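start-v7.cif (mmCIF, C-alpha atoms and all ligand atoms)
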```
data_work
#
loop_
_atom_site.label_atom_id
_atom_site.label_comp_id
_atom_site.auth_asym_id
_atom_site.auth_seq_id
_atom_site.Cartn_x
_atom_site.Cartn_y
_atom_site.Cartn_z
CA MET G 1 79.94 -59.10 -34.78
CA THR G 2 83.32 -57.54 -34.64
CA CYS G 3 85.69 -55.63 -32.38
CA ASN G 4 88.05 -52.87 -33.34
CA ARG G 5 90.26 -53.23 -30.26
CA THR G 6 93.27 -54.72 -32.04
CA ASP G 7 95.35 -53.89 -28.97
CA ILE G 8 93.25 -56.48 -27.16
CA THR G 9 93.07 -59.17 -29.81
CA GLN G 10 96.79 -58.97 -30.40
CA GLN G 11 97.46 -59.65 -26.74
CA LEU G 12 95.06 -62.53 -26.25
CA PRO G 13 97.76 -65.17 -26.83
CA ASP G 14 99.88 -63.51 -24.14
CA LEU G 15 96.96 -63.61 -21.71
CA LEU G 16 96.43 -67.25 -22.55
CA ALA G 17 100.08 -68.08 -21.97
CA GLY G 18 100.08 -66.22 -18.67
CA ASN G 19 102.68 -63.80 -19.93
CA LEU G 20 100.87 -60.61 -18.89
CA ARG G 21 101.32 -58.75 -15.64
CA GLY G 22 98.32 -58.49 -13.29
CA GLU G 23 97.27 -55.01 -14.32
CA GLU G 24 97.44 -55.76 -18.02
CA ALA G 25 95.77 -59.13 -17.60
CA GLY G 26 92.98 -57.48 -15.62
CA ARG G 27 92.38 -54.96 -18.39
CA LEU G 28 92.01 -57.75 -20.94
CA ARG G 29 89.76 -59.89 -18.76
CA GLU G 30 87.52 -56.91 -18.18
CA HIS G 31 87.17 -56.45 -21.92
CA LEU G 32 86.41 -60.14 -22.44
CA GLU G 33 83.42 -59.84 -20.13
CA THR G 34 81.78 -57.22 -22.28
CA CYS G 35 82.91 -58.19 -25.77
CA SER G 36 81.54 -61.43 -27.19
CA PHE G 37 83.77 -61.18 -30.24
CA CYS G 38 86.94 -61.27 -28.19
CA ALA G 39 85.46 -63.81 -25.77
CA GLU G 40 84.83 -66.19 -28.66
CA GLU G 41 88.31 -65.61 -29.99
CA TYR G 42 89.76 -66.32 -26.58
CA ARG G 43 87.83 -69.61 -26.37
CA VAL G 44 89.11 -70.67 -29.78
CA LEU G 45 92.66 -69.80 -28.82
CA SER G 46 92.31 -71.75 -25.58
CA ARG G 47 91.19 -74.84 -27.43
CA LEU G 48 93.96 -74.38 -29.93
CA ALA G 49 96.61 -74.00 -27.26
CA ALA G 50 95.35 -77.14 -25.54
CA LEU G 51 96.05 -79.24 -28.63
CA GLU G 52 98.87 -81.55 -27.77
CA VAL G 53 101.39 -82.98 -30.15
CA PRO G 54 101.24 -86.82 -30.12
CA GLU G 55 104.32 -88.35 -28.55
CA PRO G 56 106.60 -89.94 -31.16
CA LYS G 57 107.68 -93.57 -30.77
CA ALA G 58 109.88 -94.27 -27.79
CA GLY G 59 113.50 -93.70 -28.62
CA PHE G 60 112.86 -91.13 -31.33
CA PHE G 61 114.43 -88.27 -29.40
CA ASP G 62 117.23 -90.49 -28.10
CA GLY G 63 118.22 -91.33 -31.65
CA LEU G 64 117.85 -87.95 -33.28
CA PRO G 65 121.14 -86.27 -32.18
CA GLY G 66 123.11 -89.22 -33.56
CA LYS G 67 121.23 -89.11 -36.85
CA VAL G 68 121.93 -85.40 -37.16
CA THR G 69 125.64 -85.97 -36.57
CA ARG G 70 125.70 -88.76 -39.15
CA ASP G 71 124.06 -86.48 -41.73
CA ILE G 72 126.51 -83.71 -40.91
CA ARG G 73 129.48 -86.02 -41.48
CA GLU G 74 127.99 -87.25 -44.71
CA GLU G 75 127.47 -83.75 -45.96
CA LYS G 76 131.02 -82.80 -45.05
CA THR G 77 132.21 -85.44 -47.47
CA VAL G 78 131.74 -83.50 -50.63
CA SER G 79 133.16 -85.80 -53.24
CA ARG G 80 135.75 -88.23 -54.44
CA ALA G 81 138.90 -87.01 -56.05
CA ARG G 82 142.11 -88.35 -57.46
CA PHE G 83 145.42 -86.78 -56.61
CA ARG G 84 148.93 -87.18 -57.70
CA LEU G 85 151.76 -86.23 -55.45
CA PRO G 86 154.82 -85.54 -57.56
CA ALA G 87 158.36 -86.70 -56.97
CA ILE G 88 161.66 -85.08 -56.12
CA GLU G 89 161.82 -81.70 -57.82
CA LEU G 90 158.42 -80.52 -56.63
CA ASN G 91 158.96 -81.87 -53.18
CA TRP G 92 161.48 -79.18 -52.47
CA LYS G 93 158.85 -76.56 -52.97
CA VAL G 94 156.53 -78.47 -50.73
CA GLY G 95 159.28 -78.61 -48.16
CA LEU G 96 159.34 -74.85 -48.12
CA ALA G 97 155.59 -74.62 -47.93
CA ALA G 98 154.81 -76.32 -44.67
CA ALA G 99 156.29 -78.87 -42.38
CA SER G 100 153.40 -81.27 -42.61
CA LEU G 101 153.29 -81.09 -46.35
CA ALA G 102 157.00 -81.60 -46.50
CA ALA G 103 156.71 -84.68 -44.35
CA ALA G 104 153.94 -85.97 -46.58
CA ALA G 105 155.95 -85.39 -49.70
CA LEU G 106 159.05 -86.91 -48.18
CA LEU G 107 157.20 -90.11 -47.42
CA VAL G 108 155.93 -90.18 -50.94
CA PHE G 109 159.47 -89.79 -52.13
CA LEU G 110 160.62 -92.63 -49.93
CA LEU G 111 158.04 -95.07 -51.16
CA PRO G 112 159.27 -97.94 -53.27
CA LYS G 113 158.06 -97.81 -56.84
CA THR G 114 155.73 -100.76 -56.81
CA GLU G 115 152.09 -100.87 -57.75
CA PRO G 116 149.43 -100.89 -56.60
CA VAL G 117 150.14 -99.82 -53.07
CA LEU G 118 147.37 -100.17 -50.55
CA VAL G 119 146.98 -97.82 -47.64
CA GLN G 120 144.86 -98.45 -44.60
CA LYS G 121 141.68 -96.49 -44.39
CA PRO G 122 142.17 -93.75 -41.84
CA ASP G 123 139.59 -92.53 -39.37
CA ASP G 124 136.84 -90.43 -40.83
CA ASN G 125 138.23 -87.30 -39.30
CA VAL G 126 141.81 -87.63 -40.47
CA PRO G 127 142.42 -85.00 -43.12
CA LEU G 128 143.99 -86.05 -46.34
CA ILE G 129 147.41 -84.68 -45.55
CA SER G 130 147.55 -86.90 -42.51
CA VAL G 131 146.68 -89.79 -44.75
CA ALA G 132 149.62 -88.93 -46.87
CA MET G 133 151.81 -88.75 -43.81
CA GLY G 134 150.59 -92.15 -42.79
CA PHE G 135 151.84 -93.85 -45.92
CA GLU G 136 154.86 -95.31 -44.31
CA THR G 137 153.17 -97.04 -41.41
CA ASN G 138 150.01 -98.08 -43.20
CA ILE G 139 151.51 -99.28 -46.36
CA LEU G 140 150.44 -102.61 -47.82
CA THR G 141 147.58 -103.10 -45.39
CA GLU G 142 143.94 -103.59 -46.26
CA SER G 143 142.23 -100.47 -47.46
CA ASP G 144 139.60 -98.53 -49.37
CA TYR G 145 142.32 -96.31 -50.67
CA LYS G 146 144.02 -97.44 -53.77
CA ILE G 147 147.36 -95.92 -54.52
CA SER G 148 149.12 -96.66 -57.69
CA ASP G 149 152.64 -95.75 -58.55
CA VAL G 150 152.69 -93.83 -61.77
CA SER G 151 156.29 -93.62 -62.90
CA ASP G 152 157.71 -91.09 -60.47
CA ALA G 153 154.55 -90.11 -58.58
CA LEU G 154 151.73 -91.49 -56.54
CA GLU G 155 148.07 -91.46 -57.33
CA PHE G 156 145.34 -92.05 -54.87
CA GLU G 157 141.61 -91.71 -54.54
CA VAL G 158 139.83 -90.66 -51.35
CA GLU G 159 136.59 -89.42 -49.92
CA LEU G 160 137.07 -85.75 -49.24
CA THR G 161 135.62 -83.40 -46.74
CA GLU G 162 135.47 -79.67 -47.32
CA ASP G 163 138.27 -79.19 -44.80
CA ASP G 164 140.43 -81.63 -46.73
CA LEU G 165 139.82 -79.67 -49.87
CA MET G 166 141.04 -76.48 -48.25
CA GLU G 167 144.21 -78.17 -47.10
CA ILE G 168 144.79 -79.71 -50.46
CA THR G 169 144.19 -76.39 -52.10
CA GLY G 170 147.09 -75.10 -50.05
CA ALA G 171 149.25 -78.03 -51.08
CA PHE G 172 148.30 -77.46 -54.68
CA LEU G 173 149.24 -73.79 -54.54
CA PHE G 174 152.67 -74.69 -53.22
CA GLY G 175 153.15 -77.28 -55.93
CA GLY G 176 152.63 -80.24 -53.66
CA ILE G 177 150.11 -81.75 -56.01
CA GLU G 178 150.71 -82.08 -59.70
CA TYR G 179 147.22 -82.61 -61.00
CA MET G 180 143.78 -83.57 -59.85
CA ASP G 181 140.87 -85.36 -61.41
CA MET G 182 137.72 -84.50 -59.60
CA ASP G 183 134.01 -84.92 -59.92
CA ALA G 184 131.80 -81.93 -60.65
CA ASP G 185 131.13 -80.91 -57.05
CA ALA G 186 134.76 -80.95 -56.02
CA LEU G 187 135.74 -79.18 -59.22
CA LEU G 188 133.31 -76.39 -58.46
CA LEU G 189 134.74 -75.93 -54.97
CA PHE G 190 138.26 -75.87 -56.29
CA GLU G 191 137.47 -73.45 -59.04
CA GLU G 192 136.04 -71.09 -56.46
CA GLU G 193 139.38 -71.26 -54.65
CA LEU G 194 141.83 -71.40 -57.51
CA GLY G 195 140.13 -70.27 -60.68
CA SER G 196 140.90 -73.40 -62.62
CA ILE G 197 142.33 -76.88 -62.21
CA PRO G 198 145.16 -78.19 -64.34
CA GLN G 199 144.15 -81.54 -65.74
CA ARG G 200 146.22 -84.48 -66.76
CA SER G 201 147.71 -83.84 -70.17
CA MET T 1 119.08 -74.36 -21.22
CA GLU T 2 120.85 -71.44 -19.66
CA TRP T 3 121.84 -68.69 -22.01
CA GLU T 4 125.52 -68.84 -21.05
CA LYS T 5 125.71 -72.59 -21.44
CA GLU T 6 124.07 -72.29 -24.83
CA ARG T 7 126.46 -69.56 -25.90
CA GLU T 8 129.38 -71.75 -24.93
CA LEU T 9 127.96 -74.70 -26.85
CA THR T 10 127.31 -72.68 -30.01
CA LYS T 11 130.84 -71.34 -29.80
CA ARG T 12 132.28 -74.84 -29.59
CA ALA T 13 129.96 -76.18 -32.28
CA LYS T 14 131.11 -73.38 -34.58
CA LYS T 15 134.61 -74.74 -34.26
CA GLY T 16 133.38 -78.15 -35.38
CA ASP T 17 132.78 -79.74 -31.95
CA GLU T 18 130.18 -82.39 -32.82
CA GLY T 19 129.51 -83.25 -29.19
CA ALA T 20 128.64 -79.66 -28.40
CA PHE T 21 126.25 -79.55 -31.33
CA GLU T 22 124.63 -82.79 -30.21
CA ASP T 23 124.00 -81.15 -26.84
CA LEU T 24 122.26 -78.30 -28.63
CA VAL T 25 120.18 -80.77 -30.63
CA ARG T 26 119.25 -82.59 -27.43
CA ALA T 27 118.21 -79.34 -25.78
CA HIS T 28 116.03 -78.13 -28.65
CA GLN T 29 114.80 -81.20 -30.51
CA ARG T 30 111.49 -81.59 -28.69
CA LYS T 31 110.53 -77.95 -29.09
CA LEU T 32 111.52 -77.96 -32.72
CA TYR T 33 109.74 -81.22 -33.49
CA ASN T 34 106.53 -80.03 -31.84
CA TYR T 35 106.67 -76.76 -33.73
CA ILE T 36 107.08 -78.49 -37.08
CA TYR T 37 104.50 -81.12 -36.18
CA ARG T 38 101.95 -78.38 -35.59
CA LEU T 39 102.69 -76.99 -39.03
CA CYS T 40 102.26 -80.31 -40.84
CA GLU T 41 100.35 -82.68 -38.48
CA ASN T 42 102.45 -85.57 -39.70
CA HIS T 43 105.13 -87.44 -37.80
CA ASP T 44 107.22 -88.55 -40.76
CA ASP T 45 107.42 -85.08 -42.24
CA ALA T 46 108.03 -83.46 -38.86
CA ALA T 47 110.83 -85.93 -38.09
CA GLU T 48 112.48 -85.44 -41.47
CA ILE T 49 112.22 -81.65 -41.38
CA THR T 50 113.51 -81.48 -37.81
CA GLN T 51 116.54 -83.56 -38.71
CA LYS T 52 117.23 -81.56 -41.87
CA ALA T 53 116.82 -78.26 -40.04
CA PHE T 54 119.45 -79.22 -37.46
CA VAL T 55 121.90 -80.22 -40.19
CA LYS T 56 121.27 -76.94 -41.98
CA ALA T 57 121.72 -75.08 -38.71
CA TYR T 58 125.09 -76.77 -38.18
CA PHE T 59 126.38 -75.60 -41.54
CA SER T 60 124.95 -72.12 -40.97
CA LEU T 61 126.46 -71.67 -37.51
CA GLY T 62 128.89 -69.17 -39.02
CA ASN T 63 125.92 -66.85 -39.55
CA PHE T 64 124.67 -67.18 -35.99
CA ARG T 65 125.67 -63.92 -34.32
CA GLY T 66 124.17 -64.60 -30.95
CA ASP T 67 122.12 -61.39 -31.00
CA SER T 68 118.99 -63.54 -31.04
CA LEU T 69 118.32 -66.67 -29.05
CA PHE T 70 119.56 -69.88 -30.61
CA ARG T 71 116.01 -71.22 -30.57
CA THR T 72 114.63 -68.24 -32.50
CA TRP T 73 117.43 -68.56 -35.04
CA LEU T 74 116.83 -72.30 -35.29
CA PHE T 75 113.10 -71.79 -35.78
CA ARG T 76 113.79 -69.47 -38.70
CA ILE T 77 115.95 -72.12 -40.36
CA ALA T 78 113.38 -74.80 -39.62
CA LEU T 79 110.59 -72.72 -41.11
CA ASN T 80 112.54 -72.33 -44.33
CA THR T 81 113.20 -76.07 -44.32
CA PHE T 82 109.50 -76.67 -43.84
CA ARG T 83 108.59 -74.32 -46.69
CA ASN T 84 111.06 -76.01 -49.02
CA HIS T 85 109.73 -79.38 -47.98
CA VAL T 86 106.16 -78.40 -48.75
CA ARG T 87 107.24 -76.96 -52.08
CA ASP T 88 109.22 -80.08 -52.97
CA GLU T 89 106.43 -82.41 -51.98
CA GLY T 90 103.98 -80.44 -54.08
CA ARG T 91 101.30 -81.56 -51.76
CA ARG T 92 101.45 -82.62 -48.18
CA LYS T 93 101.29 -86.32 -47.46
CA HIS T 94 98.40 -87.78 -45.61
CA GLN T 95 98.78 -88.40 -41.97
CA THR T 96 100.64 -91.59 -41.23
CA LEU T 97 100.58 -93.06 -37.78
CA ASP T 98 103.67 -95.17 -38.34
CA GLY T 99 105.98 -93.13 -36.20
CA LEU T 100 103.56 -92.53 -33.37
CA ASP T 101 103.05 -94.48 -30.22
CA PRO T 102 100.45 -97.23 -30.60
CA PRO T 103 97.13 -96.23 -29.03
CA ALA T 104 96.67 -97.30 -25.44
CA GLN T 105 94.79 -100.54 -24.94
CA GLU T 106 91.85 -99.18 -23.00
CA LYS T 107 90.47 -95.96 -24.38
CA THR T 108 88.25 -93.96 -22.09
CA PHE T 109 85.28 -92.10 -23.47
CA SER T 110 86.80 -88.75 -22.63
CA MET T 111 89.95 -89.70 -24.48
CA MET T 112 87.90 -90.48 -27.55
CA VAL T 113 86.07 -87.18 -27.35
CA GLN T 114 89.38 -85.43 -26.90
CA LYS T 115 90.77 -87.23 -29.89
CA GLU T 116 87.80 -86.29 -32.04
CA GLU T 117 88.02 -82.68 -30.98
CA ARG T 118 91.73 -82.65 -31.52
CA LYS T 119 91.27 -83.99 -35.02
CA LYS T 120 88.67 -81.40 -35.95
CA LEU T 121 90.63 -78.44 -34.71
CA ALA T 122 93.93 -79.75 -36.03
CA GLU T 123 92.32 -80.21 -39.43
CA ALA T 124 91.04 -76.66 -39.33
CA VAL T 125 94.59 -75.46 -38.66
CA GLN T 126 95.87 -77.53 -41.57
CA THR T 127 93.40 -75.97 -43.98
CA LEU T 128 94.74 -72.50 -43.24
CA PRO T 129 96.96 -71.00 -45.92
CA GLU T 130 100.60 -71.62 -45.04
CA ARG T 131 101.54 -68.12 -43.86
CA GLN T 132 98.47 -67.87 -41.66
CA ARG T 133 99.19 -71.27 -40.14
CA GLU T 134 102.79 -70.27 -39.49
CA ALA T 135 101.76 -67.03 -37.79
CA VAL T 136 99.12 -68.72 -35.61
CA VAL T 137 101.45 -71.53 -34.51
CA LEU T 138 104.31 -69.16 -33.72
CA ARG T 139 102.11 -66.71 -31.85
CA VAL T 140 99.80 -69.08 -29.95
CA HIS T 141 101.87 -72.21 -29.38
CA GLU T 142 105.38 -70.88 -29.39
CA GLU T 143 104.39 -67.66 -27.61
CA TYR T 144 106.52 -65.42 -29.78
CA SER T 145 105.79 -61.70 -29.96
CA PHE T 146 104.69 -60.31 -33.31
CA ASN T 147 108.17 -58.84 -33.77
CA GLU T 148 109.72 -62.27 -33.33
CA VAL T 149 107.08 -63.92 -35.51
CA ALA T 150 107.93 -61.46 -38.26
CA GLY T 151 111.63 -62.15 -37.83
CA ILE T 152 111.14 -65.90 -38.08
CA MET T 153 108.73 -65.67 -41.00
CA GLY T 154 110.90 -63.17 -42.82
CA CYS T 155 108.12 -60.63 -43.27
CA SER T 156 107.07 -57.26 -41.84
CA VAL T 157 105.41 -57.02 -38.42
CA GLY T 158 102.29 -55.74 -40.15
CA ALA T 159 102.21 -58.77 -42.44
CA ALA T 160 102.71 -61.11 -39.49
CA LYS T 161 99.79 -59.49 -37.63
CA ALA T 162 97.59 -59.65 -40.71
CA SER T 163 98.40 -63.35 -41.28
CA TYR T 164 97.68 -64.09 -37.64
CA HIS T 165 94.35 -62.28 -37.58
CA GLN T 166 93.19 -63.80 -40.85
CA GLY T 167 94.17 -67.25 -39.58
CA VAL T 168 92.35 -66.85 -36.27
CA LYS T 169 89.29 -65.49 -38.07
CA LYS T 170 89.17 -68.55 -40.30
CA LEU T 171 89.62 -70.89 -37.35
CA LYS T 172 86.74 -69.22 -35.56
CA GLU T 173 84.53 -69.61 -38.61
CA SER T 174 85.44 -73.21 -39.22
CA ILE T 175 84.68 -74.38 -35.69
CA ARG T 176 81.77 -72.06 -34.98
CA GLY T 177 78.61 -73.87 -33.92
CA ASP T 178 80.80 -76.69 -32.82
CA GLU T 179 80.77 -75.63 -29.20
ZN ZN G 301 86.72 -57.08 -28.23
#
```

If you convert what's in this file into structure tokens, what do you get?
Ligand SMILES: [Zn+2]
Amino acid sequence: MTCNRTDITQQLPDLLAGNLRGEEAGRLREHLETCSFCAEEYRVLSRLAALEVPEPKAGFFDGLPGKVTRDIREEKTVSRARFRLPAIELNWKVGLAAASLAAAALLVFLLPKTEPVLVQKPDDNVPLISVAMGFETNILTESDYKISDVSDALEFEVELTEDDLMEITGAFLFGGIEYMDMDADALLLFEEELGSIPQRS
Amino acid sequence: MEWEKERELTKRAKKGDEGAFEDLVRAHQRKLYNYIYRLCENHDDAAEITQKAFVKAYFSLGNFRGDSLFRTWLFRIALNTFRNHVRDEGRRKHQTLDGLDPPAQEKTFSMMVQKEERKKLAEAVQTLPERQREAVVLRVHEEYSFNEVAGIMGCSVGAAKASYHQGVKKLKESIRGDE
């Protein structure tokens, strides 16, 4: 038992879903009355379409958007990295580069040379440069961010997002950052941007 | 969701607006979950794949041109996520009822018959080769045209039709005499 009317069989799901106009639907129904092959297929499709998906536990759909957002934020954090913002001479270049970077560097310059300096953990969405700009107000408060004074420069370690990396890349290009120690993932991203990363000598 | 509203939300999400993206998730999560559930008949896998697919979609928003519907685009991403999941698992897990609603206290006879029938047919769908299952689910349940099915599956229209017909043929054979 077979049927060579592929034009009919291909449209059976549309008939089932009620997506065909009267004329077209009529043509198909007419065929179904005379063709047992297509009639059987239509019955199988009907049963298939009637299969319902079991309802997940209550609250599943309420919680999903939040879970997705959490995963997105987690994925945005690509890696940890260590930075060193240099002192006076390089800060002039930074000053020329961009106002925000200049402000960041200036604050670094103004910091007393004590160690270690603790900086308050900023909000998740604050990019690194803002963190740097926040040195003055947040200094010596509780933190995840450890900053140590290394002779004439500051070192700190942070969780980075991809956006942070792009900003820091800019700072690096303008000489705002002297060197970086990064893990493999961050290194890869940076190398794509810059070619290579100068490491601590 | 209206097309214009959706367009606005995708635009904002592209710029990193998490709230806008959450609205898109809210609007499409049920459809997407059901679609994936039909492909794997397993709540845990469907939940995981749905979540992963949305995250992937967020980071791929730059590639969303808006020339197709967001849902169609999302389904393509979700199908790839599903395929990777199946590949990574090696084999599909057995059905777990953990994430599903507990069965109602009083079961009527007709509910039990329905459940039995559901199980049989659902099992038949699960025994179909992956591509055939994908084509059948997209065409019958999601009501996509063969052109759209091909677009989502990443194959030619001819291949999509062939997968569909082979799948339906096998389903017919496996439940024949059962009526
Ligand atoms: Zn026929």

> Near Lys5 in chain T, within 10 Å and counting all atoms listed in the file, which residues show up once chain neighbours fewer than 5 positions away are dropped, as a list in words?
Replying inline: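 Returned residues: Thr10, Lys11 and Leu24 of chain T.
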
>> Can you work out which residues from chain T touch chain G at a cut-off of 8 Å (counting only C-alpha atoms) and hand them back as a PyMOL selection string?
In response: chain T and resi 18+22-23+25-26+29-30+34+37-38+43+51-52+54-55+58+99-101+118+121-122+139-141+143+161+168+171-172

The selected residues should be written to file as a JSON list (two decimals), keeping the file's coordinate frame (atoms: C-alpha atoms).
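Contents of the output file result.json:
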```json
[["chain", "number", "residue", "atom", "x", "y", "z"],
["T", 18, "GLU", "CA", 130.18, -82.39, -32.82],
["T", 22, "GLU", "CA", 124.63, -82.79, -30.21],
["T", 23, "ASP", "CA", 124.00, -81.15, -26.84],
["T", 25, "VAL", "CA", 120.18, -80.77, -30.63],
["T", 26, "ARG", "CA", 119.25, -82.59, -27.43],
["T", 29, "GLN", "CA", 114.80, -81.20, -30.51],
["T", 30, "ARG", "CA", 111.49, -81.59, -28.69],
["T", 34, "ASN", "CA", 106.53, -80.03, -31.84],
["T", 37, "TYR", "CA", 104.50, -81.12, -36.18],
["T", 38, "ARG", "CA", 101.95, -78.38, -35.59],
["T", 43, "HIS", "CA", 105.13, -87.44, -37.80],
["T", 51, "GLN", "CA", 116.54, -83.56, -38.71],
["T", 52, "LYS", "CA", 117.23, -81.56, -41.87],
["T", 54, "PHE", "CA", 119.45, -79.22, -37.46],
["T", 55, "VAL", "CA", 121.90, -80.22, -40.19],
["T", 58, "TYR", "CA", 125.09, -76.77, -38.18],
["T", 99, "GLY", "CA", 105.98, -93.13, -36.20],
["T", 100, "LEU", "CA", 103.56, -92.53, -33.37],
["T", 101, "ASP", "CA", 103.05, -94.48, -30.22],
["T", 118, "ARG", "CA", 91.73, -82.65, -31.52],
["T", 121, "LEU", "CA", 90.63, -78.44, -34.71],
["T", 122, "ALA", "CA", 93.93, -79.75, -36.03],
["T", 139, "ARG", "CA", 102.11, -66.71, -31.85],
["T", 140, "VAL", "CA", 99.80, -69.08, -29.95],
["T", 141, "HIS", "CA", 101.87, -72.21, -29.38],
["T", 143, "GLU", "CA", 104.39, -67.66, -27.61],
["T", 161, "LYS", "CA", 99.79, -59.49, -37.63],
["T", 168, "VAL", "CA", 92.35, -66.85, -36.27],
["T", 171, "LEU", "CA", 89.62, -70.89, -37.35],
["T", 172, "LYS", "CA", 86.74, -69.22, -35.56]]
```

>> If I take CA of Val137 in chain T and CA of Lys31 in chain T, how far is one from the other in Å, to one decimal?
In response: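 It comes out at 12.4 Å.
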
> Smallest atom-to-atom distance to ligand ZN 301 (chain G): which of G:Glu74, G:Glu23, G:Ala39, G:Leu15, using all atoms listed in the file?
Replying inline: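 Under the stated criterion, the closest residue is G:Ala39.
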
>> What does the structure give for the distance between CA of Leu74 in chain T and CA of Ala162 in chain T, in Å to one decimal?
In response: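 We find that CA of Leu74 in chain T and CA of Ala162 in chain T lie 23.7 Å from each other.
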
>> Residues within 12 Å of Trp73 in chain T, please, as a PyMOL selection string. Count all atoms listed in the file; anything in the same chain fewer than 3 positions from it doesn't count.
In response: chain T and resi 10+28+32+53-54+56-58+60-61+63-70+76-80+148-149+151-154

>> If I take CA of Phe21 in chain T and CA of Trp3 in chain T, how far is one from the other in Å, to one decimal?
In response: 15.0 Å

Give as a PDB file with C-alpha atoms, keeping the file's coordinate frame the residues surrounding ligand ZN 301 (chain G) up to a distance of 9 Å, considering only C-alpha atoms and all ligand atoms.
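The result, written out as result_14.pdb:
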```pdb
ATOM      1  CA  THR G   2      83.320 -57.540 -34.640  1.00  0.00           C
ATOM      2  CA  CYS G   3      85.690 -55.630 -32.380  1.00  0.00           C
ATOM      3  CA  ASN G   4      88.050 -52.870 -33.340  1.00  0.00           C
ATOM      4  CA  ARG G   5      90.260 -53.230 -30.260  1.00  0.00           C
ATOM      5  CA  THR G   6      93.270 -54.720 -32.040  1.00  0.00           C
ATOM      6  CA  ILE G   8      93.250 -56.480 -27.160  1.00  0.00           C
ATOM      7  CA  THR G   9      93.070 -59.170 -29.810  1.00  0.00           C
ATOM      8  CA  HIS G  31      87.170 -56.450 -21.920  1.00  0.00           C
ATOM      9  CA  LEU G  32      86.410 -60.140 -22.440  1.00  0.00           C
ATOM     10  CA  THR G  34      81.780 -57.220 -22.280  1.00  0.00           C
ATOM     11  CA  CYS G  35      82.910 -58.190 -25.770  1.00  0.00           C
ATOM     12  CA  SER G  36      81.540 -61.430 -27.190  1.00  0.00           C
ATOM     13  CA  PHE G  37      83.770 -61.180 -30.240  1.00  0.00           C
ATOM     14  CA  CYS G  38      86.940 -61.270 -28.190  1.00  0.00           C
ATOM     15  CA  ALA G  39      85.460 -63.810 -25.770  1.00  0.00           C
ATOM     16  CA  GLU G  41      88.310 -65.610 -29.990  1.00  0.00           C
TER      17      GLU G  41
END
```

>> When you count only C-alpha atoms, which of these residues is closest to Thr72 in chain T: T:Ser145, T:Thr127, T:Ser174, T:Thr50?
In response: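 With only C-alpha atoms as the atom set, the closest residue is T:Ser145.
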
Using the atoms already present, construct N, CA, C and O atoms for range 47-56 of chain T and hand them back as a compact mmCIF listing (two decimals), in the coordinates of the input.
```txt
# COMPACT_ATOMS: atom_id res chain seq x y z
N ALA T 47 109.55 -85.32 -38.45
CA ALA T 47 110.83 -85.93 -38.09
C ALA T 47 111.90 -85.59 -39.13
O ALA T 47 113.02 -85.20 -38.78
N GLU T 48 111.53 -85.71 -40.39
CA GLU T 48 112.48 -85.44 -41.47
C GLU T 48 112.90 -83.96 -41.48
O GLU T 48 114.09 -83.64 -41.60
N ILE T 49 111.92 -83.09 -41.34
CA ILE T 49 112.22 -81.65 -41.38
C ILE T 49 113.06 -81.24 -40.18
O ILE T 49 114.00 -80.45 -40.29
N THR T 50 112.74 -81.80 -39.01
CA THR T 50 113.51 -81.48 -37.81
C THR T 50 114.98 -81.86 -38.00
O THR T 50 115.89 -81.07 -37.72
N GLN T 51 115.18 -83.07 -38.50
CA GLN T 51 116.54 -83.56 -38.71
C GLN T 51 117.28 -82.68 -39.72
O GLN T 51 118.41 -82.25 -39.48
N LYS T 52 116.61 -82.40 -40.83
CA LYS T 52 117.23 -81.56 -41.87
C LYS T 52 117.56 -80.17 -41.34
O LYS T 52 118.59 -79.60 -41.67
N ALA T 53 116.63 -79.63 -40.55
CA ALA T 53 116.82 -78.26 -40.04
C ALA T 53 118.05 -78.19 -39.14
O ALA T 53 118.82 -77.22 -39.20
N PHE T 54 118.27 -79.21 -38.34
CA PHE T 54 119.45 -79.22 -37.46
C PHE T 54 120.73 -79.29 -38.30
O PHE T 54 121.72 -78.61 -37.99
N VAL T 55 120.71 -80.11 -39.33
CA VAL T 55 121.90 -80.22 -40.19
C VAL T 55 122.18 -78.88 -40.86
O VAL T 55 123.31 -78.40 -40.89
N LYS T 56 121.12 -78.26 -41.35
CA LYS T 56 121.27 -76.94 -41.98
C LYS T 56 121.81 -75.94 -40.98
O LYS T 56 122.66 -75.12 -41.29
```
